[in-house]
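Below is one structure; the comments refer to it alone.
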Amino acid sequence: MMKDIPLGKHTDYVSQYDASLLFPIAREGNRERLALKGSIPFVGQDIWTGYELSWLDGKGKPKVAIVEFTIPADSKNIIESKSFKLYLNSFNQTKFGSEGAVRETLIRDLSAGFDADVVVKIFPVNDFPLSAQTLGELIDDLDVDHLEYQPNAELLVCGEGRVEESLCSHLLKSNCPVTGQPDWATLTVRYAGTPIDHQSLLKYVISYRDHSDFHEHCVESIFCDLLNAGSFDELVVMARYTRRGGLDINPVRSLKSLRQNDVLGRLARQ
């Protein structure tokens with residue numbers, strides 16, 4: 001039940017391993033608001049990055065690492081972000097025989113919580129890869145007016161013909177639906193199809209500014225609104241959100257199976 005969600009409530013710091021701290025939330029409720037009929041019109045994944053993973057080795061010496069979790073977009077659940085953080089904190093004073101044991105524990109618990117096969121990669125802090133990819137054409141400096149601050153798909157305009165391009169905006173902002181705290185993100189749109197009017201896309205991105213919703217659902221809404229506005233052979237929408245509580249969440253949705261260059265790595269604000 002959402003009333004039991006730990007976000008926005010006082011919680012005790014738990015430093016001994018406890019998988020029961022994870023709080024799953026079904027994706028189905030949010031997707032019902034997209035008015036999807038039948039199967040979802042996208043594939044994709046959610047990439048969570050944990051910057052504060054720590055545990056004790058067999059001798060009690062602390063270990064630290066950065067961990068990346070990849071969750072398929074068709075998982076039954078998401079995990080509420082504060083509960084995810086509390087769960088990771090519970091590793092801090094727990095002894096594990098090896099890094100492999102930590103990884104296997106994370107895979108087991110999170111695959112159960114998300115109800116899907118979760119991929120876990122653990123990196124030494126100095127070896128975590130940064131993105132070297134091109135984000136695309138930045139649209140943030142375009143001159144726009146008559147702005148709105150609640151999502152409005154009617155703002156999107158597509159023209160005639162066919163183009164292939166990548167567009168980028170650092171102006172995506174929404175709010176946590178529980179605490180009201182701001183969530184900031186860089187949005188990329190890569191597509192092949194009817195040309196998206198750049199000013200209309202910027203106005204649409206800005207319209208999320210006072211919107212309250214989870215990261216994953218914002219990206220799915222953007223994807224579906226774009227899909228309805230134009231005709232595309234390819235469409236990839238990704239948002240890399242800035243971290244809160246040592247975690248960032250980075251959903252990506254695509255019309256076709258994801259390719260390696262469809263998934264952006266860590267950006268400057270993360």
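Numbering starts fresh at 1 for the residues of each chain in the structure tokens, the chains themselves are lettered A, B, ... in the order given, and ligands are numbered from 1 as they appear.
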
Inset, instruction - For range 187-193 of chain A, list every protein, DNA or RNA residue within 8 Å, evaluated using only C-alpha atoms, and leave out those in the same chain fewer than 6 positions away; present the list as a PyMOL selection string. - result: chain A and resi 135-136+161-172+230-240

Inset, instruction - Assign secondary structure with DSSP using the backbone only, and return the residues of range 94-269 of chain A in strand (DSSP E or B) as an MDAnalysis selection string. - result: chainID A and resid 95 119:123 130 137:138 158 163:175 182:193 196 212 232:241 244 247:254 266

What would the file look like if the residues just selected were written as a PDB file, in the first residue's frame with C-alpha atoms?
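Result file part.pdb:
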```pdb
ATOM      1  CA  LYS A  95      30.501  -8.850   6.628  1.00  0.00           C
ATOM      2  CA  VAL A 119      21.808  -7.150 -13.809  1.00  0.00           C
ATOM      3  CA  VAL A 120      24.319  -5.907 -11.197  1.00  0.00           C
ATOM      4  CA  LYS A 121      27.788  -4.520 -11.948  1.00  0.00           C
ATOM      5  CA  ILE A 122      30.145  -3.432  -9.160  1.00  0.00           C
ATOM      6  CA  PHE A 123      32.974  -1.004  -9.994  1.00  0.00           C
ATOM      7  CA  LEU A 130      31.933   8.226 -17.591  1.00  0.00           C
ATOM      8  CA  GLU A 137      21.775  18.989 -30.594  1.00  0.00           C
ATOM      9  CA  LEU A 138      21.045  21.108 -27.521  1.00  0.00           C
ATOM     10  CA  CYS A 158       5.859  17.268 -36.119  1.00  0.00           C
ATOM     11  CA  VAL A 163      14.875  13.032 -40.740  1.00  0.00           C
ATOM     12  CA  GLU A 164      17.306  11.307 -38.406  1.00  0.00           C
ATOM     13  CA  GLU A 165      18.588  13.336 -35.483  1.00  0.00           C
ATOM     14  CA  SER A 166      19.417  13.406 -31.777  1.00  0.00           C
ATOM     15  CA  LEU A 167      18.118  16.200 -29.554  1.00  0.00           C
ATOM     16  CA  CYS A 168      19.034  17.075 -25.990  1.00  0.00           C
ATOM     17  CA  SER A 169      17.696  19.262 -23.178  1.00  0.00           C
ATOM     18  CA  HIS A 170      18.976  19.837 -19.646  1.00  0.00           C
ATOM     19  CA  LEU A 171      15.699  21.524 -18.651  1.00  0.00           C
ATOM     20  CA  LEU A 172      13.622  18.499 -17.694  1.00  0.00           C
ATOM     21  CA  LYS A 173      12.368  18.917 -14.144  1.00  0.00           C
ATOM     22  CA  SER A 174       9.577  17.141 -12.326  1.00  0.00           C
ATOM     23  CA  ASN A 175       8.724  16.672  -8.668  1.00  0.00           C
ATOM     24  CA  PRO A 182      12.537  18.505  -7.355  1.00  0.00           C
ATOM     25  CA  ASP A 183      13.975  15.887  -9.703  1.00  0.00           C
ATOM     26  CA  TRP A 184      16.369  17.227 -12.359  1.00  0.00           C
ATOM     27  CA  ALA A 185      17.335  15.425 -15.548  1.00  0.00           C
ATOM     28  CA  THR A 186      18.986  15.612 -18.946  1.00  0.00           C
ATOM     29  CA  LEU A 187      16.628  14.336 -21.647  1.00  0.00           C
ATOM     30  CA  THR A 188      17.778  12.907 -24.965  1.00  0.00           C
ATOM     31  CA  VAL A 189      15.520  12.064 -27.915  1.00  0.00           C
ATOM     32  CA  ARG A 190      16.976  10.061 -30.802  1.00  0.00           C
ATOM     33  CA  TYR A 191      14.694   9.298 -33.702  1.00  0.00           C
ATOM     34  CA  ALA A 192      14.210   8.599 -37.378  1.00  0.00           C
ATOM     35  CA  GLY A 193      10.895   9.757 -38.800  1.00  0.00           C
ATOM     36  CA  ILE A 196      10.005  17.085 -34.475  1.00  0.00           C
ATOM     37  CA  SER A 212       4.585  15.264  -9.898  1.00  0.00           C
ATOM     38  CA  PHE A 232       8.776   7.104 -36.454  1.00  0.00           C
ATOM     39  CA  ASP A 233      10.841   4.178 -37.665  1.00  0.00           C
ATOM     40  CA  GLU A 234      13.090   4.614 -34.625  1.00  0.00           C
ATOM     41  CA  LEU A 235      12.517   6.447 -31.352  1.00  0.00           C
ATOM     42  CA  VAL A 236      14.656   6.360 -28.200  1.00  0.00           C
ATOM     43  CA  VAL A 237      13.920   8.542 -25.183  1.00  0.00           C
ATOM     44  CA  MET A 238      16.273   8.592 -22.201  1.00  0.00           C
ATOM     45  CA  ALA A 239      16.496  10.745 -19.076  1.00  0.00           C
ATOM     46  CA  ARG A 240      19.506  10.736 -16.786  1.00  0.00           C
ATOM     47  CA  TYR A 241      18.362  12.143 -13.451  1.00  0.00           C
ATOM     48  CA  ARG A 244      19.321  11.969  -4.506  1.00  0.00           C
ATOM     49  CA  LEU A 247      21.168   6.998  -6.102  1.00  0.00           C
ATOM     50  CA  ASP A 248      20.331   8.143  -9.592  1.00  0.00           C
ATOM     51  CA  ILE A 249      17.630   6.625 -11.831  1.00  0.00           C
ATOM     52  CA  ASN A 250      17.992   6.652 -15.605  1.00  0.00           C
ATOM     53  CA  PRO A 251      15.063   5.268 -17.630  1.00  0.00           C
ATOM     54  CA  VAL A 252      15.386   4.607 -21.367  1.00  0.00           C
ATOM     55  CA  ARG A 253      12.520   3.580 -23.650  1.00  0.00           C
ATOM     56  CA  SER A 254      12.791   2.582 -27.297  1.00  0.00           C
ATOM     57  CA  ARG A 266      26.953   9.025 -16.406  1.00  0.00           C
TER      58      ARG A 266
END
```

Legend entry - Exercise: Ser200 in chain A partners within 10 Å, only C-alpha atoms, chain neighbours under 6 positions left out, as JSON, numbers by chain: {"A": [144, 153, 154, 155, 156, 157, 158, 206]}

Legend entry - Top pick for closest residue to Ile25 in chain A, considering A:Lys76, A:Lys59, A:Arg108, A:Arg269 and counting only C-alpha atoms: A:Lys76

Inset, instruction - Using only C-alpha atoms, determine which residues lie at most 8 Å from range 80-87 of chain A, disregarding the query and same-chain residues fewer than 5 positions distant; provide the list as a PyMOL selection string. - result: chain A and resi 5-7+13-14+17-25+245-247

Residue selection dump (N, CA and C atoms) as a CSV table (one decimal), in the first residue's frame:
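As a result, again.csv now contains:
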```
chain,number,residue,atom,x,y,z
A,5,ILE,N,4.6,3.6,2.3
A,5,ILE,CA,5.8,3.9,1.6
A,5,ILE,C,6.7,4.7,2.6
A,6,PRO,N,8.0,4.4,2.7
A,6,PRO,CA,8.9,5.0,3.7
A,6,PRO,C,9.3,6.4,3.3
A,7,LEU,N,9.2,6.8,2.0
A,7,LEU,CA,9.6,8.1,1.5
A,7,LEU,C,8.8,9.2,2.3
A,13,TYR,N,18.1,4.4,10.8
A,13,TYR,CA,19.3,3.9,10.0
A,13,TYR,C,19.6,2.5,10.4
A,14,VAL,N,19.5,1.6,9.4
A,14,VAL,CA,19.8,0.2,9.6
A,14,VAL,C,21.1,-0.1,8.9
A,17,TYR,N,22.5,-6.1,7.3
A,17,TYR,CA,21.8,-6.5,6.1
A,17,TYR,C,20.3,-6.9,6.4
A,18,ASP,N,19.4,-6.3,5.6
A,18,ASP,CA,18.0,-6.5,5.8
A,18,ASP,C,17.2,-6.3,4.4
A,19,ALA,N,17.0,-7.4,3.8
A,19,ALA,CA,16.3,-7.4,2.5
A,19,ALA,C,14.8,-6.9,2.6
A,20,SER,N,14.2,-7.0,3.8
A,20,SER,CA,12.8,-6.6,3.9
A,20,SER,C,12.6,-5.1,3.8
A,21,LEU,N,13.7,-4.4,3.8
A,21,LEU,CA,13.6,-2.9,3.6
A,21,LEU,C,13.1,-2.5,2.3
A,22,LEU,N,13.3,-3.3,1.3
A,22,LEU,CA,12.9,-3.0,-0.1
A,22,LEU,C,11.3,-2.9,-0.2
A,23,PHE,N,10.9,-1.8,-0.9
A,23,PHE,CA,9.4,-1.5,-1.0
A,23,PHE,C,9.0,-1.5,-2.5
A,24,PRO,N,8.5,-2.6,-3.0
A,24,PRO,CA,8.1,-2.7,-4.4
A,24,PRO,C,6.8,-1.9,-4.7
A,25,ILE,N,6.7,-1.3,-5.9
A,25,ILE,CA,5.5,-0.6,-6.3
A,25,ILE,C,5.2,-1.1,-7.7
A,245,GLY,N,20.1,11.1,-2.4
A,245,GLY,CA,20.4,10.0,-1.4
A,245,GLY,C,21.4,9.0,-1.9
A,246,GLY,N,22.3,9.4,-2.8
A,246,GLY,CA,23.3,8.5,-3.3
A,246,GLY,C,22.9,7.5,-4.4
A,247,LEU,N,21.7,7.8,-5.0
A,247,LEU,CA,21.2,7.0,-6.1
A,247,LEU,C,20.7,7.9,-7.2
```

Inset, instruction - Report as a VMD selection string: the residues of range 117-269 of chain A with a DSSP assignment of helix (DSSP H, G or I), based on the backbone of this structure. - result: chain A and resid 125 to 127 153 to 155 198 to 206 215 to 229 260 to 262

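Interatomic distance, CA of Thr105 in chain A against CA of Ser90 in chain A: 12.1 Å.
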
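Distances to Ile79 in chain A were evaluated for A:Phe128, A:Trp48, A:Phe96, A:Phe91 using only C-alpha atoms, and the minimum falls at A:Trp48.
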
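The shortest atom-to-atom distance to Glu220 in chain A, with only C-alpha atoms taken into account, belongs to A:Leu255 out of A:Val64, A:Leu255, A:Leu201, A:Ala116.
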
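Of the listed residues A:Glu68, A:Asp213, A:Asp140, A:Asp225, the one whose atoms come nearest to Asn152 in chain A is A:Asp225, with distances taken using only C-alpha atoms.
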